[in-house]
$ cat target.cif   # mmCIF, C-alpha atoms and all ligand atoms
data_target
#
loop_
_atom_site.label_atom_id
_atom_site.label_comp_id
_atom_site.auth_asym_id
_atom_site.auth_seq_id
_atom_site.Cartn_x
_atom_site.Cartn_y
_atom_site.Cartn_z
CA MET A 24 63.98 -37.96 43.93
CA ALA A 25 63.09 -39.38 40.50
CA PRO A 26 60.54 -37.24 38.68
CA ALA A 27 56.99 -38.54 38.26
CA GLY A 28 55.84 -40.10 34.99
CA PRO A 29 56.78 -42.99 32.73
CA ALA A 30 60.05 -44.94 33.05
CA PRO A 31 63.08 -43.99 30.93
CA GLY A 32 62.83 -45.57 27.50
CA ALA A 33 59.03 -45.75 27.74
CA THR A 34 57.16 -44.27 24.83
CA VAL A 35 54.27 -41.97 25.67
CA PRO A 36 51.36 -41.42 23.28
CA ALA A 37 51.22 -38.70 20.67
CA ALA A 38 50.44 -35.09 21.64
CA PRO A 39 49.37 -33.57 23.91
CA LEU A 40 52.55 -34.38 25.82
CA LEU A 41 52.03 -34.75 29.59
CA ALA A 42 48.34 -33.84 29.51
CA GLY A 43 47.32 -32.98 33.09
CA ALA A 44 50.74 -31.64 34.17
CA PRO A 45 50.62 -28.04 35.46
CA TYR A 46 52.13 -26.45 32.34
CA ALA A 47 51.03 -29.04 29.76
CA LYS A 48 49.28 -26.42 27.62
CA GLU A 49 52.35 -24.18 27.58
CA LEU A 50 54.66 -27.15 26.91
CA ASN A 51 52.70 -28.24 23.87
CA ALA A 52 52.50 -24.66 22.58
CA ALA A 53 56.28 -24.41 22.98
CA CYS A 54 56.81 -27.67 21.05
CA ASP A 55 54.59 -26.39 18.22
CA ALA A 56 56.41 -23.04 18.14
CA VAL A 57 59.83 -24.72 17.99
CA ARG A 58 58.69 -27.07 15.23
CA LEU A 59 57.54 -24.14 13.08
CA ALA A 60 60.76 -22.19 13.64
CA SER A 61 62.85 -25.30 12.91
CA LYS A 62 61.10 -25.67 9.55
CA LEU A 63 62.05 -22.15 8.59
CA CYS A 64 65.67 -22.73 9.67
CA ARG A 65 65.93 -26.00 7.74
CA THR A 66 64.78 -24.28 4.56
CA VAL A 67 67.18 -21.37 4.98
CA GLN A 68 70.29 -23.38 5.92
CA GLN A 69 70.24 -25.17 2.59
CA GLN A 70 70.21 -21.95 0.55
CA LEU A 71 71.80 -19.26 2.71
CA SER A 72 73.53 -16.51 0.73
CA ASP A 73 75.92 -13.79 1.93
CA ALA A 74 73.18 -11.17 1.53
CA GLU A 75 71.14 -12.99 4.17
CA LYS A 76 73.61 -12.67 7.04
CA VAL A 77 75.12 -9.72 8.84
CA ASP A 78 77.72 -9.36 11.58
CA LYS A 79 76.59 -7.94 14.91
CA LEU A 80 78.60 -5.43 16.96
CA ASP A 81 80.18 -8.22 19.00
CA ASP A 82 81.47 -9.85 15.79
CA SER A 83 78.92 -12.68 15.93
CA PRO A 84 76.74 -13.44 12.88
CA VAL A 85 72.95 -13.18 12.58
CA THR A 86 70.91 -14.39 9.61
CA VAL A 87 67.43 -14.04 8.14
CA ALA A 88 66.67 -17.34 9.87
CA ASP A 89 67.55 -16.03 13.36
CA TYR A 90 65.10 -13.14 12.89
CA GLY A 91 62.49 -15.29 11.16
CA ALA A 92 62.60 -17.99 13.84
CA GLN A 93 62.26 -15.38 16.60
CA ALA A 94 59.22 -13.83 14.88
CA LEU A 95 57.63 -17.24 14.31
CA VAL A 96 58.03 -18.39 17.91
CA ALA A 97 56.54 -15.11 19.15
CA TRP A 98 53.67 -15.51 16.65
CA ALA A 99 52.98 -19.13 17.67
CA LEU A 100 53.06 -18.41 21.42
CA SER A 101 50.76 -15.40 20.97
CA ARG A 102 48.36 -17.47 18.87
CA ALA A 103 48.29 -20.23 21.50
CA ASP A 104 47.32 -17.78 24.22
CA PRO A 105 45.29 -14.98 22.62
CA GLY A 106 44.70 -12.03 24.86
CA ALA A 107 47.69 -12.76 27.13
CA ARG A 108 50.58 -10.30 27.29
CA ILE A 109 53.61 -12.40 26.58
CA SER A 110 56.92 -11.53 28.20
CA MET A 111 59.83 -12.87 26.21
CA VAL A 112 63.58 -12.64 26.76
CA ALA A 113 65.08 -13.34 23.34
CA GLU A 114 68.44 -12.83 21.69
CA GLU A 115 67.62 -10.74 18.62
CA ASP A 116 66.21 -7.21 18.24
CA SER A 117 64.90 -5.44 15.17
CA ALA A 118 67.21 -2.38 15.20
CA SER A 119 69.09 -3.24 11.98
CA LEU A 120 65.84 -4.16 10.20
CA LYS A 121 64.24 -0.78 10.98
CA ASP A 122 67.16 0.98 9.31
CA PRO A 123 66.54 1.69 5.59
CA SER A 124 69.58 -0.49 4.78
CA GLY A 125 67.72 -3.44 6.31
CA ALA A 126 64.60 -3.14 4.13
CA ALA A 127 65.50 -5.96 1.71
CA MET A 128 66.39 -8.25 4.58
CA LEU A 129 63.10 -7.49 6.35
CA GLN A 130 61.21 -8.25 3.16
CA ARG A 131 62.96 -11.61 2.82
CA ILE A 132 62.30 -12.47 6.49
CA THR A 133 58.62 -11.56 6.13
CA GLN A 134 58.34 -13.78 3.06
CA LEU A 135 59.99 -16.73 4.86
CA VAL A 136 57.81 -16.30 7.96
CA ASN A 137 54.65 -16.04 5.86
CA SER A 138 55.41 -19.23 3.98
CA VAL A 139 55.51 -21.19 7.26
CA ILE A 140 52.48 -19.36 8.68
CA ALA A 141 50.49 -20.22 5.53
CA GLU A 142 51.26 -23.92 6.05
CA ALA A 143 50.08 -23.55 9.66
CA GLY A 144 46.80 -22.01 8.49
CA GLY A 145 47.52 -18.44 9.65
CA GLU A 146 46.98 -15.03 8.07
CA PRO A 147 49.99 -13.36 6.39
CA LEU A 148 51.97 -10.74 8.34
CA THR A 149 53.33 -7.37 7.23
CA GLY A 150 56.92 -6.24 7.79
CA HIS A 151 55.66 -4.10 10.69
CA ASP A 152 54.05 -7.15 12.30
CA VAL A 153 57.33 -9.05 11.98
CA ILE A 154 59.24 -6.20 13.67
CA ASP A 155 56.72 -6.06 16.50
CA LEU A 156 56.96 -9.83 17.02
CA ILE A 157 60.78 -9.73 17.08
CA ASP A 158 60.67 -6.90 19.61
CA LEU A 159 58.45 -8.91 21.95
CA GLY A 160 61.79 -10.47 22.92
CA ALA A 161 63.07 -7.33 24.65
CA SER A 162 61.79 -8.22 28.13
CA PRO A 163 64.27 -7.76 31.00
CA GLY A 164 63.12 -11.09 32.53
CA GLY A 165 63.66 -11.54 36.26
CA GLY A 166 62.42 -13.60 39.19
CA ALA A 167 58.74 -12.64 39.23
CA GLY A 168 56.00 -14.06 37.01
CA ARG A 169 56.37 -15.82 33.68
CA HIS A 170 58.96 -15.17 30.99
CA TRP A 171 59.59 -17.11 27.82
CA VAL A 172 63.31 -17.39 27.05
CA LEU A 173 64.27 -17.79 23.40
CA ASP A 174 67.41 -18.35 21.38
CA PRO A 175 65.92 -18.52 17.87
CA ILE A 176 69.10 -20.10 16.52
CA ASP A 177 71.71 -21.16 19.01
CA GLY A 178 74.96 -21.91 17.24
CA THR A 179 74.55 -19.39 14.40
CA ARG A 180 78.19 -20.04 13.47
CA GLY A 181 77.32 -23.72 13.14
CA PHE A 182 74.20 -22.85 11.13
CA VAL A 183 76.24 -20.73 8.71
CA GLY A 184 79.02 -23.35 8.63
CA MET A 185 76.53 -26.14 7.74
CA ARG A 186 76.98 -27.85 11.12
CA GLN A 187 74.73 -28.31 14.16
CA TYR A 188 72.41 -25.65 15.62
CA ALA A 189 69.27 -25.57 17.78
CA VAL A 190 66.06 -23.58 18.26
CA CYS A 191 65.87 -23.16 22.06
CA LEU A 192 62.78 -22.13 24.02
CA GLY A 193 62.44 -22.16 27.81
CA MET A 194 59.80 -20.91 30.19
CA LEU A 195 60.69 -19.27 33.50
CA GLN A 196 58.05 -19.29 36.22
CA ASP A 197 58.90 -17.16 39.27
CA GLY A 198 62.62 -17.47 38.69
CA ASP A 199 62.83 -21.22 38.02
CA VAL A 200 62.95 -22.90 34.62
CA ALA A 201 59.64 -24.75 34.38
CA LEU A 202 59.84 -25.88 30.73
CA GLY A 203 62.47 -26.37 28.04
CA VAL A 204 62.21 -27.32 24.37
CA LEU A 205 65.09 -27.80 21.90
CA GLY A 206 64.60 -28.23 18.16
CA CYS A 207 67.68 -29.85 16.62
CA PRO A 208 67.15 -30.11 12.82
CA ASN A 209 70.50 -31.76 12.01
CA LEU A 210 70.73 -34.32 14.79
CA PRO A 211 70.41 -37.94 13.69
CA ARG A 212 67.65 -39.93 15.38
CA GLY A 213 69.82 -42.96 16.02
CA THR A 214 72.84 -43.03 18.33
CA PHE A 215 75.11 -40.10 17.62
CA LYS A 216 78.25 -40.94 15.68
CA GLU A 217 81.44 -38.96 15.66
CA ASP A 218 81.22 -37.30 12.27
CA ASP A 219 77.64 -36.15 12.84
CA GLY A 220 78.75 -32.91 14.50
CA GLY A 221 80.97 -31.92 11.62
CA ALA A 222 80.60 -30.24 8.31
CA VAL A 223 78.67 -33.10 6.73
CA ALA A 224 75.69 -32.61 9.03
CA ALA A 225 73.65 -30.17 7.01
CA SER A 226 74.18 -31.86 3.70
CA ARG A 227 71.87 -34.47 5.11
CA SER A 228 69.50 -32.05 6.84
CA GLY A 229 65.96 -32.98 5.97
CA ASP A 230 66.76 -36.69 5.76
CA ALA A 231 64.07 -38.85 7.28
CA GLY A 232 66.69 -39.93 9.84
CA ARG A 233 67.45 -36.40 11.08
CA GLY A 234 65.70 -33.90 13.30
CA LEU A 235 65.01 -34.29 17.04
CA LEU A 236 62.83 -32.38 19.47
CA PHE A 237 63.76 -32.49 23.17
CA ALA A 238 61.20 -31.33 25.74
CA ALA A 239 61.09 -31.23 29.54
CA HIS A 240 58.58 -30.21 32.21
CA ARG A 241 59.95 -29.56 35.71
CA GLY A 242 59.05 -32.53 37.91
CA HIS A 243 57.67 -34.58 34.99
CA GLY A 244 60.74 -35.73 33.07
CA ALA A 245 62.57 -35.16 29.79
CA TYR A 246 61.43 -36.56 26.44
CA VAL A 247 62.52 -36.80 22.83
CA SER A 248 60.56 -37.11 19.59
CA GLY A 249 61.01 -36.61 15.86
CA LEU A 250 61.03 -32.93 14.91
CA TRP A 251 59.03 -32.82 11.70
CA ASP A 252 55.71 -34.58 12.44
CA ALA A 253 52.94 -32.49 13.99
CA SER A 254 52.21 -34.89 16.85
CA PRO A 255 54.70 -37.73 17.11
CA PRO A 256 55.08 -40.08 20.10
CA PHE A 257 57.66 -39.05 22.73
CA THR A 258 60.19 -41.28 24.48
CA ARG A 259 61.35 -40.58 28.01
CA ILE A 260 65.13 -40.07 28.22
CA ARG A 261 67.76 -40.41 30.90
CA VAL A 262 71.44 -39.44 31.25
CA ASP A 263 74.12 -42.17 31.26
CA ASP A 264 76.06 -42.02 34.56
CA VAL A 265 78.95 -44.20 33.43
CA ALA A 266 80.65 -46.07 36.28
CA GLU A 267 84.19 -45.37 35.06
CA ASN A 268 85.56 -42.02 33.92
CA SER A 269 87.50 -43.81 31.20
CA ALA A 270 84.16 -44.64 29.55
CA ALA A 271 82.94 -41.03 29.60
CA ARG A 272 82.64 -39.03 26.39
CA PHE A 273 82.89 -35.24 26.81
CA MET A 274 81.43 -32.48 24.68
CA GLU A 275 82.40 -28.87 24.19
CA SER A 276 81.93 -25.97 21.77
CA PHE A 277 83.07 -26.42 18.21
CA GLU A 278 84.43 -22.86 18.42
CA SER A 279 87.51 -22.58 20.65
CA ARG A 280 86.79 -18.86 21.10
CA HIS A 281 83.61 -19.89 23.01
CA SER A 282 85.30 -22.34 25.36
CA ASP A 283 88.94 -23.03 26.25
CA HIS A 284 89.79 -26.37 24.61
CA THR A 285 93.20 -26.52 26.31
CA PHE A 286 91.69 -26.27 29.79
CA THR A 287 89.01 -28.91 29.15
CA ALA A 288 91.62 -31.29 27.68
CA GLU A 289 93.61 -30.93 30.91
CA VAL A 290 90.50 -31.61 33.02
CA ALA A 291 89.68 -34.67 30.91
CA ARG A 292 93.23 -35.98 31.25
CA HIS A 293 93.15 -35.44 35.02
CA MET A 294 89.92 -37.48 35.21
CA GLY A 295 91.26 -40.34 33.13
CA VAL A 296 88.88 -39.61 30.24
CA THR A 297 90.47 -41.17 27.18
CA LEU A 298 87.91 -40.66 24.38
CA PRO A 299 88.47 -37.57 22.22
CA PRO A 300 86.05 -34.65 22.74
CA LEU A 301 82.89 -34.33 20.70
CA ARG A 302 82.97 -30.71 19.49
CA MET A 303 79.62 -29.30 18.52
CA ASP A 304 77.83 -26.01 18.23
CA SER A 305 74.82 -25.05 20.33
CA GLN A 306 72.57 -26.59 22.97
CA VAL A 307 72.35 -29.84 21.01
CA LYS A 308 75.07 -30.78 23.51
CA TYR A 309 72.53 -30.61 26.36
CA GLY A 310 70.16 -32.78 24.31
CA LEU A 311 72.80 -35.43 23.61
CA LEU A 312 73.81 -35.49 27.28
CA SER A 313 70.16 -35.99 28.31
CA ARG A 314 69.84 -38.90 25.90
CA GLY A 315 73.00 -40.59 27.19
CA ASP A 316 74.96 -40.14 23.95
CA ALA A 317 77.75 -38.50 25.97
CA SER A 318 78.34 -38.02 29.70
CA ILE A 319 80.04 -34.64 30.13
CA PHE A 320 79.52 -31.11 28.82
CA MET A 321 82.07 -28.46 29.76
CA ARG A 322 82.09 -24.79 28.80
CA PHE A 323 84.88 -22.43 29.83
CA PRO A 324 84.61 -19.11 27.97
CA PRO A 325 87.12 -16.26 28.32
CA SER A 326 86.84 -14.63 31.78
CA SER A 327 85.53 -11.40 30.25
CA TYR A 328 82.55 -13.19 28.66
CA ARG A 329 79.12 -12.88 30.31
CA GLU A 330 76.72 -15.77 29.63
CA LYS A 331 73.18 -15.03 28.43
CA ILE A 332 70.18 -16.93 29.83
CA TRP A 333 68.89 -18.02 26.39
CA ASP A 334 72.10 -19.95 25.72
CA HIS A 335 71.31 -22.39 28.58
CA CYS A 336 67.70 -22.08 29.83
CA ALA A 337 66.02 -24.81 27.77
CA GLY A 338 69.00 -27.17 27.83
CA VAL A 339 69.45 -27.01 31.60
CA VAL A 340 65.91 -28.13 32.53
CA ILE A 341 66.12 -30.94 29.96
CA VAL A 342 69.37 -32.23 31.51
CA GLU A 343 68.03 -31.90 35.07
CA GLU A 344 64.80 -33.70 34.22
CA ALA A 345 66.84 -36.46 32.57
CA GLY A 346 68.60 -36.95 35.92
CA GLY A 347 71.69 -34.81 35.29
CA LYS A 348 73.30 -31.91 37.15
CA VAL A 349 74.24 -28.50 35.76
CA THR A 350 76.35 -26.07 37.78
CA ASP A 351 79.07 -23.46 37.46
CA ALA A 352 82.66 -24.33 38.33
CA SER A 353 82.03 -23.74 42.04
CA GLY A 354 79.15 -26.25 42.06
CA ALA A 355 76.32 -23.66 42.24
CA ARG A 356 73.16 -24.17 40.16
CA LEU A 357 72.62 -21.58 37.44
CA ASP A 358 70.34 -18.74 38.50
CA PHE A 359 67.97 -17.65 35.73
CA SER A 360 66.08 -15.17 37.92
CA ARG A 361 68.44 -12.20 37.59
CA GLY A 362 67.54 -10.83 34.18
CA ARG A 363 69.00 -11.39 30.72
CA TRP A 364 72.43 -12.54 31.93
CA LEU A 365 73.73 -15.37 34.08
CA ASP A 366 76.33 -14.50 36.68
CA LEU A 367 78.53 -17.45 37.40
CA ASP A 368 81.82 -18.61 38.76
CA ARG A 369 83.97 -19.35 35.67
CA GLY A 370 82.48 -22.10 33.52
CA ILE A 371 79.53 -24.46 33.17
CA ILE A 372 79.63 -28.19 33.89
CA ALA A 373 76.79 -30.57 33.02
CA ALA A 374 76.87 -34.32 33.69
CA PRO A 375 75.09 -37.17 35.48
CA PRO A 376 75.60 -36.96 39.30
CA ARG A 377 78.60 -39.26 39.79
CA VAL A 378 80.49 -37.97 36.79
CA HIS A 379 79.55 -34.37 37.67
CA ALA A 380 81.23 -34.68 41.08
CA ALA A 381 84.35 -36.05 39.39
CA VAL A 382 84.45 -33.19 36.87
CA LEU A 383 84.03 -30.56 39.61
CA GLU A 384 86.92 -32.06 41.52
CA ALA A 385 89.11 -32.21 38.41
CA VAL A 386 88.29 -28.60 37.45
CA ALA A 387 89.32 -27.45 40.92
CA ALA A 388 92.53 -29.49 40.83
CA VAL A 389 93.55 -28.25 37.37
CA GLY A 390 92.68 -24.68 38.42
CA ARG A 391 94.94 -24.99 41.49
CA ARG A 392 97.74 -26.45 39.41
CA ARG A 393 97.49 -23.59 36.92
CA ASP A 394 97.39 -20.99 39.71
CA GLY A 395 100.48 -22.61 41.22
CA GLU A 396 102.31 -22.50 37.91
CA GLY A 397 101.33 -18.86 37.41
CA ALA A 398 102.43 -17.83 40.93
N1 LIG B 401 83.42 -15.18 23.01
C1 LIG B 401 82.43 -15.98 23.38
N2 LIG B 401 82.59 -16.78 24.44
C2 LIG B 401 81.61 -17.62 24.81
N3 LIG B 401 80.42 -17.72 24.20
C3 LIG B 401 80.21 -16.94 23.14
C4 LIG B 401 81.19 -16.04 22.68
N4 LIG B 401 80.69 -15.41 21.61
C5 LIG B 401 79.45 -15.89 21.43
N5 LIG B 401 79.16 -16.82 22.37
C6 LIG B 401 77.91 -17.54 22.58
O1 LIG B 401 78.07 -18.93 22.33
C7 LIG B 401 76.86 -19.40 21.79
C8 LIG B 401 77.06 -20.69 21.04
O2 LIG B 401 77.50 -21.66 21.93
P1 LIG B 401 78.36 -22.92 21.42
O3 LIG B 401 79.78 -22.50 21.50
O4 LIG B 401 77.99 -23.95 22.43
O5 LIG B 401 77.92 -23.24 20.06
C9 LIG B 401 76.41 -18.27 20.91
O6 LIG B 401 75.04 -18.34 20.72
P2 LIG B 401 74.39 -17.84 19.30
O7 LIG B 401 74.93 -18.72 18.24
O8 LIG B 401 72.97 -18.02 19.61
O9 LIG B 401 74.79 -16.40 19.15
C10 LIG B 401 76.82 -17.03 21.70
O10 LIG B 401 75.80 -16.53 22.54
MG MG B 402 73.97 -14.86 18.35
MG MG B 403 72.98 -18.81 21.57
MG MG B 404 71.28 -17.30 18.79
#

$ encode --input "target.cif" --output "structure tokens"
Amino acid sequence: MAPAGPAPGATVPAAPLLAGAPYAKELNAACDAVRLASKLCRTVQQQLSDAEKVDKLDDSPVTVADYGAQALVAWALSRADPGARISMVAEEDSASLKDPSGAAMLQRITQLVNSVIAEAGGEPLTGHDVIDLIDLGASPGGGAGRHWVLDPIDGTRGFVGMRQYAVCLGMLQDGDVALGVLGCPNLPRGTFKEDDGGAVAASRSGDAGRGLLFAAHRGHGAYVSGLWDASPPFTRIRVDDVAENSAARFMESFESRHSDHTFTAEVARHMGVTLPPLRMDSQVKYGLLSRGDASIFMRFPPSSYREKIWDHCAGVVIVEEAGGKVTDASGARLDFSRGRWLDLDRGIIAAPPRVHAAVLEAVAAVGRRRDGEGA
């Protein structure tokens, strides 16, 4: 059933988005929070120094902007709903900032956060406040009640490498994703062109033509707007269910350690997909799929890897509300109700319905062929 609301391509008036929908207040608060965090990230990406990033235990990077964006989103959501106890499942924690060796980094983060808060008309925070806000993200989540789900910077490797990244905020209500918002500072507003995912992206970050905000409300559609204005008009978006596989463009991680490029190439070949893959960091891939800039997203990490809910929560509801399907390799929908991790069968496949069925079939066929060869 098509979701309620305006037709795809229709422009809806400036904020508040979807006034009257059940979670309109929360949706608009989430959009504001993501806009603030995106501003901080845009500033930092242009001037990031080695002293502002550290490697985590799992060998992944984290920067002052990851921490700053997490604190800002927590601040903005708390401000929008004073008195409420917010439950947030977020990627970062403050452990390394509480250590004396993290003092300079905490000071820098506090300064960055306060500069954005000042612009938003708020009172300055102390380092302790920033730590408390970051640690709001330690919730175990689960299937009961409301949990915000935050990846303050998804695609930190892309952020550091001057490529694509996204600020990703979802809202779980009783185990289902009710809202999703993606801030994509380096995405061009026009149709996506091949080189836009690559190293040149950030050199143009801040251009008038860059910066998109995707937002979805379960049952009320998916929308896109410019990222930098306080209350821009939104346009309803829809996936592109191409009639022929040969016309489908597929997307995957820029980093081959995050997703097996050899396997996806074999699946694409099996389907008769001829266009080369669009390789990009982060959930911007879900945004582009929802807007019809590409028709397939595949992710096949190493079998030992366990997916985290913040890497998919916002993107999944945006794709579904744009008319797409997101499942694991066995065709099951992703279950966000089980805590901080997603348990799934091998990989993740997102696409419009016809193409999705074709990808599922091809994944199974290539899997069987590989098993046969290995036997
Ligand atoms: N070995 C691995 N396999 C799969 N995903 C990984 C991974 N190591 C890190 N990731 C996740 O992949 C995310 C980025 O996805 P993509 O490949 O689409 O850009 C990272 O998010 P962060 O950048 O928020 O840490 C991280 O959670
Ligand atoms: Mg990370
Ligand atoms: Mg992530
Ligand atoms: Mg992250």

$ residues_near_ligand --input "target.cif" --ligand "ligand MG 403 (chain B)" --cutoff "8 Å" --atoms "only C-alpha atoms and all ligand atoms" --output "list in words"
Glu114, Asp174, Pro175, Ile176, Asp177, Gly178, Thr179, Ser305, Gln306, Lys331, Trp333 and Asp334 of chain A

$ closest_residue --input "target.cif" --among "A:Val183, A:Ala92, A:Leu173, A:Ala56" --to "A:Ser72" --atoms "all atoms listed in the file"
A:Val183

$ atom_distance --input "target.cif" --atom1 "atom CA of A:Tyr90" --atom2 "atom O9 of ligand LIG 401 (chain B)"
12.0 Å

$ closest_residue --input "target.cif" --among "A:Ser279, A:Thr214, A:Ser318, A:Gln196" --to "A:Cys336" --atoms "all atoms listed in the file"
A:Gln196

$ closest_residue --input "target.cif" --among "A:Asp358, A:Glu49, A:Glu267, A:Asp89" --to "A:Cys64" --atoms "all atoms listed in the file"
A:Asp89

$ build_atoms --input "target.cif" --residues "stretch 130-151 of chain A" --atoms "N, CA and C atoms" --output "JSON list (two decimals), keeping the file's coordinate frame"
[["chain", "number", "residue", "atom", "x", "y", "z"],
["A", 130, "GLN", "N", 62.15, -7.71, 4.15],
["A", 130, "GLN", "CA", 61.21, -8.25, 3.16],
["A", 130, "GLN", "C", 61.40, -9.77, 3.01],
["A", 131, "ARG", "N", 62.66, -10.18, 2.96],
["A", 131, "ARG", "CA", 62.96, -11.61, 2.82],
["A", 131, "ARG", "C", 62.49, -12.39, 4.07],
["A", 132, "ILE", "N", 62.72, -11.81, 5.24],
["A", 132, "ILE", "CA", 62.30, -12.47, 6.49],
["A", 132, "ILE", "C", 60.77, -12.62, 6.51],
["A", 133, "THR", "N", 60.08, -11.54, 6.12],
["A", 133, "THR", "CA", 58.62, -11.56, 6.13],
["A", 133, "THR", "C", 58.10, -12.65, 5.18],
["A", 134, "GLN", "N", 58.74, -12.76, 4.04],
["A", 134, "GLN", "CA", 58.34, -13.78, 3.06],
["A", 134, "GLN", "C", 58.55, -15.20, 3.62],
["A", 135, "LEU", "N", 59.70, -15.41, 4.27],
["A", 135, "LEU", "CA", 59.99, -16.73, 4.86],
["A", 135, "LEU", "C", 58.98, -17.07, 5.97],
["A", 136, "VAL", "N", 58.74, -16.09, 6.84],
["A", 136, "VAL", "CA", 57.81, -16.30, 7.96],
["A", 136, "VAL", "C", 56.41, -16.60, 7.41],
["A", 137, "ASN", "N", 56.00, -15.84, 6.40],
["A", 137, "ASN", "CA", 54.65, -16.04, 5.86],
["A", 137, "ASN", "C", 54.49, -17.40, 5.18],
["A", 138, "SER", "N", 55.56, -17.92, 4.62],
["A", 138, "SER", "CA", 55.41, -19.23, 3.98],
["A", 138, "SER", "C", 55.14, -20.32, 5.03],
["A", 139, "VAL", "N", 55.76, -20.20, 6.20],
["A", 139, "VAL", "CA", 55.51, -21.19, 7.26],
["A", 139, "VAL", "C", 54.14, -20.95, 7.89],
["A", 140, "ILE", "N", 53.79, -19.68, 8.09],
["A", 140, "ILE", "CA", 52.48, -19.36, 8.68],
["A", 140, "ILE", "C", 51.34, -19.86, 7.77],
["A", 141, "ALA", "N", 51.52, -19.75, 6.47],
["A", 141, "ALA", "CA", 50.49, -20.22, 5.53],
["A", 141, "ALA", "C", 50.26, -21.71, 5.71],
["A", 142, "GLU", "N", 51.37, -22.47, 5.83],
["A", 142, "GLU", "CA", 51.26, -23.92, 6.05],
["A", 142, "GLU", "C", 50.54, -24.23, 7.35],
["A", 143, "ALA", "N", 50.70, -23.33, 8.36],
["A", 143, "ALA", "CA", 50.08, -23.55, 9.66],
["A", 143, "ALA", "C", 48.65, -22.99, 9.71],
["A", 144, "GLY", "N", 48.18, -22.48, 8.57],
["A", 144, "GLY", "CA", 46.80, -22.01, 8.49],
["A", 144, "GLY", "C", 46.59, -20.61, 9.06],
["A", 145, "GLY", "N", 47.65, -19.81, 9.11],
["A", 145, "GLY", "CA", 47.52, -18.44, 9.65],
["A", 145, "GLY", "C", 47.43, -17.39, 8.56],
["A", 146, "GLU", "N", 47.08, -16.17, 8.99],
["A", 146, "GLU", "CA", 46.98, -15.03, 8.07],
["A", 146, "GLU", "C", 48.36, -14.42, 7.86],
["A", 147, "PRO", "N", 48.66, -13.94, 6.64],
["A", 147, "PRO", "CA", 49.99, -13.36, 6.39],
["A", 147, "PRO", "C", 50.27, -12.11, 7.23],
["A", 148, "LEU", "N", 51.54, -11.90, 7.54],
["A", 148, "LEU", "CA", 51.97, -10.74, 8.34],
["A", 148, "LEU", "C", 52.60, -9.69, 7.44],
["A", 149, "THR", "N", 52.59, -8.43, 7.92],
["A", 149, "THR", "CA", 53.33, -7.37, 7.23],
["A", 149, "THR", "C", 54.72, -7.27, 7.86],
["A", 150, "GLY", "N", 55.59, -6.49, 7.22],
["A", 150, "GLY", "CA", 56.92, -6.24, 7.79],
["A", 150, "GLY", "C", 56.82, -5.63, 9.18],
["A", 151, "HIS", "N", 55.85, -4.72, 9.36],
["A", 151, "HIS", "CA", 55.66, -4.10, 10.69],
["A", 151, "HIS", "C", 55.30, -5.15, 11.73]]
